[in-house]
>>> print(open('entry-v6.txt').read())   # compact mmCIF, C-alpha atoms (C1' of nucleotides)
# COMPACT_ATOMS: atom_id res chain seq x y z
CA MET A 148 27.00 35.13 171.72
CA ASN A 149 25.93 33.57 168.46
CA LEU A 150 28.85 31.57 167.13
CA LEU A 151 28.16 32.35 163.49
CA LEU A 152 28.13 36.10 164.10
CA LYS A 153 31.36 35.75 166.01
CA ASN A 154 32.85 33.85 163.07
CA VAL A 155 31.77 36.55 160.65
CA ALA A 156 32.99 39.35 162.91
CA GLN A 157 36.51 37.93 162.74
CA HIS A 158 36.79 39.14 159.16
CA ILE A 159 34.16 41.80 158.44
CA SER A 160 32.09 44.07 160.69
CA LEU A 161 28.33 44.15 160.39
CA THR A 162 25.65 46.50 161.69
CA SER A 163 23.03 44.80 163.79
CA GLU A 164 20.59 45.09 160.88
CA GLU A 165 23.05 43.27 158.68
CA GLU A 166 23.53 40.66 161.38
CA ASN A 167 19.80 40.12 161.51
CA HIS A 168 19.62 39.91 157.76
CA LEU A 169 22.29 37.24 157.74
CA LEU A 170 20.46 35.26 160.41
CA SER A 171 17.17 35.59 158.52
CA LEU A 172 18.81 33.88 155.55
CA THR A 173 20.02 30.92 157.60
CA GLU A 174 18.32 27.97 159.18
CA LEU A 175 19.20 26.13 162.37
CA ARG A 176 19.04 22.35 162.34
CA ARG A 177 20.08 19.41 164.51
CA TYR A 178 21.42 16.15 163.20
CA PRO A 179 21.77 13.06 165.38
CA ALA A 180 25.04 11.11 165.31
CA LYS A 181 25.48 9.02 162.14
CA SER A 182 22.87 10.90 160.17
CA ILE A 183 23.74 11.90 156.64
CA LEU A 184 23.53 15.56 155.62
CA LEU A 185 24.65 15.10 152.01
CA ASN A 186 24.82 12.06 149.80
CA SER A 187 27.32 11.32 147.10
CA GLY A 188 25.72 11.98 143.72
CA ASP A 189 23.49 14.71 145.08
CA ILE A 190 23.88 18.37 144.29
CA CYS A 191 25.15 20.30 147.30
CA THR A 192 22.68 23.08 147.98
CA HIS A 193 23.92 24.39 151.32
CA SER A 194 27.00 25.38 153.26
CA TYR A 195 27.03 24.04 156.80
CA PHE A 196 28.35 25.98 159.77
CA VAL A 197 28.84 23.84 162.86
CA ASN A 198 27.61 25.22 166.19
CA SER A 199 28.33 22.08 168.18
CA GLY A 200 29.27 18.50 167.41
CA VAL A 201 31.43 17.23 164.54
CA LEU A 202 30.76 16.69 160.84
CA ARG A 203 32.87 14.86 158.30
CA SER A 204 33.09 14.86 154.50
CA PHE A 205 34.26 11.74 152.69
CA THR A 206 33.99 9.61 149.57
CA ILE A 207 33.46 5.88 149.16
CA ASN A 208 35.26 4.10 146.35
CA ASP A 209 34.45 0.82 144.58
CA ASN A 210 35.86 -1.33 147.33
CA ILE A 211 33.59 0.18 149.96
CA VAL A 212 36.58 2.05 151.36
CA GLU A 213 35.91 5.48 152.85
CA HIS A 214 38.31 8.38 152.38
CA VAL A 215 37.93 11.35 154.71
CA LEU A 216 38.43 14.76 153.16
CA ASN A 217 37.61 16.95 156.15
CA PHE A 218 36.27 17.22 159.63
CA ALA A 219 34.32 20.23 160.86
CA CYS A 220 33.83 20.94 164.54
CA SER A 221 32.25 23.97 166.19
CA GLY A 222 33.08 27.21 164.41
CA TRP A 223 33.96 25.53 161.10
CA TRP A 224 32.25 25.57 157.73
CA ILE A 225 31.86 22.50 155.55
CA ALA A 226 30.32 21.67 152.16
CA ASP A 227 30.99 19.78 148.97
CA PHE A 228 32.65 22.77 147.37
CA TYR A 229 32.90 21.27 143.94
CA SER A 230 29.20 20.53 143.84
CA LEU A 231 28.17 23.73 145.62
CA ILE A 232 30.04 25.88 143.11
CA SER A 233 29.25 23.98 139.95
CA GLN A 234 25.77 22.83 141.00
CA LYS A 235 26.60 19.45 139.53
CA PRO A 236 26.33 16.13 141.39
CA GLY A 237 29.24 15.79 143.81
CA SER A 238 31.15 12.77 145.04
CA LEU A 239 31.19 13.64 148.73
CA PHE A 240 29.12 12.40 151.60
CA ILE A 241 28.74 14.58 154.68
CA ASP A 242 27.65 12.96 157.90
CA ALA A 243 27.48 13.71 161.61
CA ILE A 244 30.01 11.96 163.83
CA GLU A 245 28.25 13.18 166.96
CA ASP A 246 24.91 14.85 167.55
CA THR A 247 25.50 18.12 165.79
CA GLU A 248 23.85 21.51 165.60
CA VAL A 249 24.29 23.20 162.26
CA VAL A 250 23.53 26.56 160.67
CA LEU A 251 22.47 26.07 157.06
CA LEU A 252 23.10 28.67 154.40
CA SER A 253 21.63 27.80 151.02
CA LYS A 254 23.47 28.65 147.82
CA GLU A 255 20.62 31.00 146.82
CA ASN A 256 20.72 32.78 150.14
CA GLN A 257 24.47 33.06 149.92
CA ASN A 258 24.08 34.74 146.52
CA GLN A 259 21.36 36.92 148.03
CA LEU A 260 23.83 37.88 150.72
CA TYR A 261 26.41 38.85 148.09
CA ARG A 262 23.83 41.14 146.48
CA ASP A 263 22.46 42.64 149.69
CA ILE A 264 25.71 42.96 151.63
CA PRO A 265 28.69 42.95 149.27
CA LYS A 266 31.03 42.70 152.25
CA PHE A 267 30.18 39.02 152.23
CA GLU A 268 32.15 38.61 149.01
CA ARG A 269 35.13 39.53 151.11
CA PHE A 270 34.12 37.32 154.01
CA PHE A 271 33.78 34.20 151.95
CA ARG A 272 36.87 35.05 149.93
CA ILE A 273 38.88 35.13 153.14
CA LEU A 274 37.27 31.94 154.36
CA VAL A 275 38.11 30.14 151.14
CA GLU A 276 41.63 31.58 151.11
CA ASN A 277 42.29 30.17 154.56
CA SER A 278 40.85 26.86 153.52
CA LEU A 279 43.06 26.82 150.44
CA VAL A 280 46.16 27.46 152.53
CA ALA A 281 45.25 24.60 154.87
CA ASN A 282 44.67 22.28 151.93
CA GLN A 283 47.97 23.21 150.31
CA GLN A 284 49.71 22.53 153.59
CA ARG A 285 48.06 19.14 153.77
CA ILE A 286 49.21 18.31 150.24
CA MET A 287 52.77 19.23 151.14
CA ASP A 288 52.54 17.14 154.30
CA ASN A 289 51.35 14.18 152.25
CA LEU A 290 54.24 14.62 149.84
CA SER A 291 56.98 15.03 152.40
CA MET A 292 56.00 13.18 155.57
CA THR A 293 55.59 9.61 156.73
CA ALA A 294 52.24 8.54 158.17
CA GLU A 295 53.63 8.87 161.67
CA GLU A 296 54.76 12.43 161.09
CA ARG A 297 51.37 13.31 159.66
CA TYR A 298 49.77 11.85 162.76
CA ALA A 299 51.99 13.93 165.04
CA GLN A 300 51.21 16.97 162.89
CA PHE A 301 47.48 16.33 163.21
CA LEU A 302 47.72 16.06 166.99
CA LYS A 303 49.59 19.35 167.10
CA ARG A 304 47.23 21.19 164.76
CA TYR A 305 43.93 19.85 166.05
CA PRO A 306 44.70 18.69 169.61
CA ASN A 307 41.08 18.39 170.69
CA LEU A 308 39.73 16.77 167.55
CA ALA A 309 41.61 13.49 167.88
CA ASN A 310 39.52 12.60 170.93
CA GLN A 311 36.22 13.44 169.28
CA ILE A 312 36.48 11.13 166.29
CA PRO A 313 36.74 7.36 165.82
CA GLN A 314 40.31 6.32 165.17
CA LYS A 315 39.48 4.77 161.81
CA HIS A 316 38.33 8.16 160.52
CA LEU A 317 41.56 9.74 161.65
CA ALA A 318 43.48 6.92 159.94
CA SER A 319 41.61 7.66 156.73
CA TYR A 320 42.29 11.39 156.97
CA ILE A 321 45.99 10.70 157.58
CA GLY A 322 45.95 8.37 154.59
CA VAL A 323 46.53 4.89 156.04
CA THR A 324 44.48 1.80 156.83
CA PRO A 325 42.96 1.44 160.31
CA GLU A 326 45.17 -1.61 160.95
CA PHE A 327 48.36 0.21 160.11
CA PHE A 328 47.26 3.25 162.06
CA SER A 329 46.76 1.13 165.15
CA LYS A 330 50.26 -0.35 164.94
CA MET A 331 51.85 2.97 164.11
CA LYS A 332 50.14 4.69 167.03
CA ALA A 333 51.22 1.95 169.43
CA SER A 334 54.87 2.20 168.42
CA TYR A 335 54.62 6.00 168.45
CA LEU A 336 53.26 6.14 171.98
CA LYS A 337 55.79 3.58 173.21
CA ARG A 338 58.60 5.86 172.07
CA LEU A 339 57.38 8.90 174.01
CA MET B 205 43.87 39.98 123.19
CA ASN B 206 45.54 40.47 126.55
CA LEU B 207 45.51 37.14 128.34
CA LEU B 208 44.97 38.64 131.78
CA LEU B 209 41.92 40.61 130.67
CA LYS B 210 40.56 37.48 129.07
CA ASN B 211 41.09 35.61 132.33
CA VAL B 212 39.27 38.29 134.30
CA ALA B 213 36.45 38.47 131.76
CA GLN B 214 35.67 34.81 132.39
CA HIS B 215 34.25 35.72 135.78
CA ILE B 216 33.43 39.43 135.94
CA SER B 217 32.86 42.08 133.26
CA LEU B 218 34.86 45.28 133.27
CA THR B 219 34.47 48.59 131.50
CA SER B 220 37.48 49.58 129.46
CA GLU B 221 38.38 52.17 132.13
CA GLU B 222 38.38 49.41 134.71
CA GLU B 223 40.48 47.24 132.43
CA ASN B 224 43.00 50.04 132.10
CA HIS B 225 43.00 50.58 135.82
CA LEU B 226 43.75 46.92 136.38
CA LEU B 227 46.59 47.00 133.89
CA SER B 228 48.00 50.15 135.46
CA LEU B 229 48.29 48.28 138.75
CA THR B 230 50.22 45.39 137.21
CA GLU B 231 53.73 44.99 135.92
CA LEU B 232 55.01 42.86 133.07
CA ARG B 233 58.23 40.95 133.59
CA ARG B 234 60.26 38.22 131.92
CA TYR B 235 62.14 35.51 133.75
CA PRO B 236 64.68 33.27 132.04
CA ALA B 237 64.49 29.52 132.59
CA LYS B 238 65.74 28.42 136.03
CA SER B 239 65.48 31.88 137.56
CA ILE B 240 63.89 32.16 140.98
CA LEU B 241 60.89 34.45 141.48
CA LEU B 242 60.39 33.77 145.18
CA ASN B 243 62.68 32.28 147.80
CA SER B 244 61.70 30.16 150.74
CA GLY B 245 61.80 32.29 153.88
CA ASP B 246 60.86 35.44 152.01
CA ILE B 247 57.54 37.21 152.33
CA CYS B 248 55.46 36.79 149.20
CA THR B 249 54.55 40.26 147.98
CA HIS B 250 53.02 39.49 144.58
CA SER B 251 50.66 37.19 142.76
CA TYR B 252 52.01 35.99 139.44
CA PHE B 253 49.88 35.52 136.34
CA VAL B 254 51.62 33.56 133.58
CA ASN B 255 51.40 34.88 130.03
CA SER B 256 53.75 32.31 128.54
CA GLY B 257 56.16 29.69 129.85
CA VAL B 258 55.82 27.60 133.02
CA LEU B 259 56.35 28.36 136.69
CA ARG B 260 56.52 25.98 139.60
CA SER B 261 56.12 26.29 143.37
CA PHE B 262 57.94 23.88 145.67
CA THR B 263 59.62 23.37 149.03
CA ILE B 264 62.97 21.84 149.89
CA ASN B 265 63.25 19.75 153.03
CA ASP B 266 66.28 18.89 155.17
CA ASN B 267 67.49 16.20 152.84
CA ILE B 268 67.70 18.55 149.87
CA VAL B 269 64.60 16.88 148.45
CA GLU B 270 62.22 19.10 146.48
CA HIS B 271 58.46 18.74 146.72
CA VAL B 272 56.37 20.35 143.99
CA LEU B 273 53.14 22.00 145.10
CA ASN B 274 52.00 23.46 141.79
CA PHE B 275 52.77 24.24 138.21
CA ALA B 276 51.45 27.31 136.44
CA CYS B 277 51.40 27.62 132.68
CA SER B 278 49.87 30.34 130.54
CA GLY B 279 46.59 31.64 131.91
CA TRP B 280 47.25 30.46 135.48
CA TRP B 281 47.93 32.35 138.69
CA ILE B 282 50.54 31.30 141.22
CA ALA B 283 51.83 32.58 144.57
CA ASP B 284 52.78 31.43 148.04
CA PHE B 285 49.26 31.88 149.34
CA TYR B 286 50.12 31.33 152.94
CA SER B 287 52.77 34.02 152.87
CA LEU B 288 50.81 36.36 150.62
CA ILE B 289 47.81 36.31 152.94
CA SER B 290 49.60 36.35 156.27
CA GLN B 291 52.55 38.47 155.12
CA LYS B 292 54.79 36.16 157.10
CA PRO B 293 57.84 34.34 155.68
CA GLY B 294 56.72 31.43 153.55
CA SER B 295 58.23 28.04 152.86
CA LEU B 296 57.75 27.97 149.10
CA PHE B 297 60.15 28.64 146.28
CA ILE B 298 58.76 29.73 142.92
CA ASP B 299 60.96 29.33 139.87
CA ALA B 300 60.72 29.36 136.09
CA ILE B 301 60.92 26.00 134.32
CA GLU B 302 61.11 27.73 130.94
CA ASP B 303 61.61 31.33 129.87
CA THR B 304 58.43 32.84 131.23
CA GLU B 305 56.52 36.09 130.84
CA VAL B 306 54.62 37.06 133.94
CA VAL B 307 52.14 39.72 135.02
CA LEU B 308 52.86 40.82 138.57
CA LEU B 309 50.17 42.08 140.90
CA SER B 310 51.44 43.28 144.26
CA LYS B 311 49.48 42.64 147.43
CA GLU B 312 49.04 46.41 147.91
CA ASN B 313 47.75 46.85 144.39
CA GLN B 314 45.43 43.92 144.85
CA ASN B 315 44.00 45.59 147.94
CA GLN B 316 43.80 48.84 145.98
CA LEU B 317 41.84 46.95 143.36
CA TYR B 318 39.42 45.69 146.00
CA ARG B 319 38.83 49.28 147.11
CA ASP B 320 38.57 50.79 143.63
CA ILE B 321 36.65 48.02 141.91
CA PRO B 322 34.82 45.85 144.46
CA LYS B 323 33.96 43.37 141.72
CA PHE B 324 37.48 42.07 142.16
CA GLU B 325 36.52 40.67 145.54
CA ARG B 326 34.24 38.40 143.56
CA PHE B 327 36.85 37.66 140.92
CA PHE B 328 39.48 36.53 143.37
CA ARG B 329 36.93 34.70 145.46
CA ILE B 330 35.97 32.64 142.43
CA LEU B 331 39.61 32.08 141.53
CA VAL B 332 40.40 30.84 145.01
CA GLU B 333 37.26 28.70 145.11
CA ASN B 334 38.32 26.92 141.94
CA SER B 335 41.79 26.47 143.31
CA LEU B 336 40.37 25.03 146.51
CA VAL B 337 38.27 22.52 144.59
CA ALA B 338 41.32 21.42 142.59
CA ASN B 339 43.36 21.03 145.76
CA GLN B 340 40.64 19.02 147.48
CA GLN B 341 40.47 16.78 144.45
CA ARG B 342 44.22 16.28 144.62
CA ILE B 343 44.02 15.35 148.29
CA MET B 344 41.35 12.77 147.53
CA ASP B 345 43.45 11.42 144.67
CA ASN B 346 46.41 11.06 147.01
CA LEU B 347 44.28 9.21 149.54
CA SER B 348 42.58 6.83 147.15
CA MET B 349 44.88 6.23 144.18
CA THR B 350 48.17 4.48 143.48
CA ALA B 351 51.02 6.48 141.98
CA GLU B 352 50.23 5.04 138.57
CA GLU B 353 46.60 6.11 138.74
CA ARG B 354 47.66 9.59 139.81
CA TYR B 355 49.98 9.71 136.82
CA ALA B 356 47.18 8.69 134.45
CA GLN B 357 44.94 11.27 136.10
CA PHE B 358 47.56 13.97 135.60
CA LEU B 359 47.92 13.11 131.92
CA LYS B 360 44.17 13.33 131.50
CA ARG B 361 43.77 16.59 133.39
CA TYR B 362 46.82 18.42 132.04
CA PRO B 363 47.62 16.68 128.73
CA ASN B 364 49.96 19.39 127.46
CA LEU B 365 51.81 20.06 130.69
CA ALA B 366 53.53 16.68 130.95
CA ASN B 367 55.63 17.52 127.89
CA GLN B 368 56.65 20.92 129.20
CA ILE B 369 58.19 19.87 132.47
CA PRO B 370 61.14 17.66 133.46
CA GLN B 371 59.96 14.25 134.49
CA LYS B 372 61.47 14.53 137.96
CA HIS B 373 59.20 17.49 138.71
CA LEU B 374 56.18 15.53 137.61
CA ALA B 375 57.34 12.65 139.81
CA SER B 376 57.53 15.04 142.76
CA TYR B 377 54.06 16.46 142.05
CA ILE B 378 52.63 12.95 141.83
CA GLY B 379 54.38 12.11 145.09
CA VAL B 380 57.04 9.55 144.17
CA THR B 381 60.81 9.49 143.66
CA PRO B 382 62.19 10.07 140.16
CA GLU B 383 63.56 6.52 140.12
CA PHE B 384 60.24 4.96 140.94
CA PHE B 385 58.45 7.23 138.51
CA SER B 386 60.71 6.08 135.71
CA LYS B 387 59.98 2.42 136.38
CA MET B 388 56.28 2.99 136.85
CA LYS B 389 56.00 4.94 133.61
CA ALA B 390 57.87 2.23 131.69
CA SER B 391 55.56 -0.52 132.91
CA TYR B 392 52.53 1.72 132.35
CA LEU B 393 53.44 2.46 128.74
CA LYS B 394 54.26 -1.19 128.04
CA ARG B 395 50.75 -2.15 129.06
CA LEU B 396 49.05 0.27 126.64
C1' DC C 120 23.82 -9.92 178.53
C1' DG C 121 24.40 -10.23 173.67
C1' DT C 122 25.30 -8.13 169.36
C1' DC C 123 27.57 -5.10 166.48
C1' DT C 124 31.32 -2.31 165.42
C1' DA C 125 35.97 -0.63 166.42
C1' DT C 126 40.56 -1.72 167.58
C1' DT C 127 44.48 -4.70 168.04
C1' DT C 128 47.69 -8.26 166.65
C1' DG C 129 50.06 -11.33 163.36
C1' DA C 130 51.81 -13.23 158.97
C1' DA C 131 52.43 -12.74 154.20
C1' DT C 132 52.57 -9.53 150.41
C1' DG C 133 53.06 -5.37 147.63
C1' DT C 134 54.18 -0.74 146.69
C1' DA C 135 57.46 2.56 146.83
C1' DC C 136 62.20 4.02 148.58
C1' DT C 137 67.40 4.07 148.93
C1' DC C 138 71.72 3.59 147.13
C1' DA C 139 74.64 2.70 143.31
C1' DA C 140 75.82 2.75 138.68
C1' DA C 141 75.01 3.10 133.78
C1' DA C 142 72.95 5.30 129.87
C1' DG C 143 70.93 9.32 127.59
C1' DC C 144 70.63 14.21 126.52
C1' DG C 145 71.54 19.13 126.10
C1' DG C 146 74.34 22.88 126.19
C1' DT C 147 78.91 25.02 125.87
C1' DG C 148 83.52 25.68 124.46
C1' DG C 149 87.24 24.34 121.73
C1' DC D 124 80.93 20.28 114.41
C1' DC D 125 82.41 17.39 117.81
C1' DA D 126 83.74 16.41 122.58
C1' DC D 127 83.06 16.99 127.05
C1' DC D 128 80.58 18.16 131.17
C1' DG D 129 76.67 18.25 134.06
C1' DC D 130 72.19 16.92 134.76
C1' DT D 131 68.25 13.77 133.90
C1' DT D 132 66.57 9.32 133.23
C1' DT D 133 66.97 4.42 133.44
C1' DT D 134 68.07 0.00 135.54
C1' DG D 135 69.04 -3.18 139.37
C1' DA D 136 69.41 -5.06 144.07
C1' DG D 137 68.20 -4.74 148.69
C1' DT D 138 65.13 -2.58 152.13
C1' DA D 139 61.35 -0.15 154.47
C1' DC D 140 56.83 1.42 154.84
C1' DA D 141 52.24 0.28 154.38
C1' DT D 142 48.53 -3.09 152.83
C1' DT D 143 45.70 -7.27 152.87
C1' DC D 144 43.53 -10.91 155.00
C1' DA D 145 42.39 -13.36 159.08
C1' DA D 146 41.41 -13.76 163.74
C1' DA D 147 41.27 -12.24 168.49
C1' DT D 148 40.08 -8.64 171.80
C1' DA D 149 37.83 -4.65 173.44
C1' DG D 150 34.01 -1.16 173.66
C1' DA D 151 29.48 0.76 172.92
C1' DC D 152 24.68 0.40 172.95
C1' DG D 153 20.20 -1.47 173.31
>>> encode(input="entry-v6.txt", output="structure tokens")
Amino acid sequence: MNLLLKNVAQHISLTSEEENHLLSLTELRRYPAKSILLNSGDICTHSYFVNSGVLRSFTINDNIVEHVLNFACSGWWIADFYSLISQKPGSLFIDAIEDTEVVLLSKENQNQLYRDIPKFERFFRILVENSLVANQQRIMDNLSMTAEERYAQFLKRYPNLANQIPQKHLASYIGVTPEFFSKMKASYLKRL
Amino acid sequence: MNLLLKNVAQHISLTSEEENHLLSLTELRRYPAKSILLNSGDICTHSYFVNSGVLRSFTINDNIVEHVLNFACSGWWIADFYSLISQKPGSLFIDAIEDTEVVLLSKENQNQLYRDIPKFERFFRILVENSLVANQQRIMDNLSMTAEERYAQFLKRYPNLANQIPQKHLASYIGVTPEFFSKMKASYLKRL
DNA sequence: CGTCTATTTGAATGTACTCAAAAGCGGTGG
DNA sequence: CCACCGCTTTTGAGTACATTCAAATAGACG
């Protein structure tokens, strides 16, 4: 079954006409590994729903250092929310870590969806609520945990993801340098 | 004018009947400074909208160390979102930093509102979206900035709030110990 | 096979923490 | 109105966690 429809069905129920309408407002696209879906400075015009593969959102600061905000693997949504909402230039890049198949939903079509099928207000509200909770949890983890504890937490929360992404990206998400991550992981594994 | 209605009017427009209906589903309450609105381990049953004063959400870990997730001053909403959404026991405390006047909206009444006035799906979606953007920004700040830069950022973003809250709470929000915050602030101010 | 990037390892450094103690500040009661 | 108490903030010394820079090793891909 279509993964997007399954995702939607978790929170609201649609008639098959409504399902078709949703699909008619989306676009399927494939991105090869390392391709860039969104550039920093651009206005984010779409939400991306991942069918397969892995995406990642991140910024680059002055020193050419990347900072990973989020990963999105199959069944997850990703976007530069700030830019998508405000329609101002954002600071995030989004790229594909692996070959990735994505469902695109443009901002206009999302608004169309709100008008045509008001239930989608609820759907996206719930989606954003869950995302907010996850982000708040991450903030608390950053405040209260050492890098090693955050690493253990990540492994517990996203057991499959750690194998799908280069270690340096995980280091960045956790909030440490790749060098330190390597040492920390070695001493962590030795203690198990 | 009623601050809550003003807040709602920023995102959706209500008839005066709808405004009255909203108000009828809320409750006004005053909390003296240092009183606790929500305890860790409890299920969060209400959202809180601050009319005046300042609230704060935080956790306490094993070592009796507090970690501040959020402040809410007049015109802001606060809750333990995880608990409110899941209706499971949460980990957050919410307390009053000053004497605070709050509008309470229970989860049931919020759901009632969704049924009676579907526009509120949109209102709370927008509210949560903005909150999500702010939280993502905070995560990126934590990943890419030193404590001093985060302090400067806080002063810029919430210029009035820094004077309303004890310094130790600001230290916790920024993510450093009160001792380090004190030293950092001293050296920061000396350099201005 | 060679090149490019990712990961590991090491040494020196810096940022932030812990523990301890002193100084400042606000509220309350005498 | 002042003195005391409790809590917050400051200051200092020693320590730990994490970074930087440099170089070696390992992996991936054409």
>>> interface_residues(input="entry-v6.txt", of="chain B", to="chain D", cutoff="9 Å", atoms="all atoms listed in the file", output="list in words")
Pro370, Gln371, Lys372, Pro382, Glu383, Ser386 and Lys387 of chain B
>>> interface_residues(input="entry-v6.txt", of="chain C", to="chain B", cutoff="12 Å", atoms="all atoms listed in the file", output="NGL selection string")
:C and (133-138)
>>> residues_around(input="entry-v6.txt", residues="region 162-173 of chain A", least_positions_apart="5", cutoff="7 Å", atoms="all atoms listed in the file", output="PyMOL selection string")
chain A and resi 250-252+256
>>> write_last_selection(input="entry-v6.txt", atoms="C-alpha atoms", output="PDB file, keeping the file's coordinate frame")
ATOM      1  CA  VAL A 250      23.530  26.560 160.670  1.00  0.00           C
ATOM      2  CA  LEU A 251      22.470  26.070 157.060  1.00  0.00           C
ATOM      3  CA  LEU A 252      23.100  28.670 154.400  1.00  0.00           C
ATOM      4  CA  ASN A 256      20.720  32.780 150.140  1.00  0.00           C
TER       5      ASN A 256
END
>>> atom_distance(input="entry-v6.txt", atom1="CA of Leu317 (chain A)", atom2="CA of Arg338 (chain A)")
20.3 Å
>>> interface_residues(input="entry-v6.txt", of="chain A", to="chain B", cutoff="7 Å", atoms="only C-alpha atoms", output="list of chain:residue names")
A:His214, A:Leu216, A:Phe228, A:Tyr229, A:Glu268, A:Arg269, A:Arg272, A:Val275, A:Glu276, A:Leu279, A:Val280, A:Asn282, A:Gln283, A:Ile286, A:Met287, A:Leu290, A:Ser291, A:Gly322
>>> atom_distance(input="entry-v6.txt", atom1="CA of Asn310 (chain A)", atom2="CA of Ser187 (chain A)")
26.8 Å
>>> atom_distance(input="entry-v6.txt", atom1="CA of Val249 (chain A)", atom2="CA of Val201 (chain A)")
9.6 Å
>>> residues_around(input="entry-v6.txt", residues="region 190-200 of chain A", least_positions_apart="5", cutoff="8 Å", atoms="only C-alpha atoms (C1' of nucleotides)", output="PyMOL selection string")
chain A and resi 150-151+185+219-228+230-231+234-237+243-254
>>> axis_aligned_box(input="entry-v6.txt", around="region 125-142 of chain D", padding_each_side="5 Å", output="JSON")
{"center_x": 66.1, "center_y": 6.6, "center_z": 136.3, "size_x": 45.2, "size_y": 33.3, "size_z": 47.0}
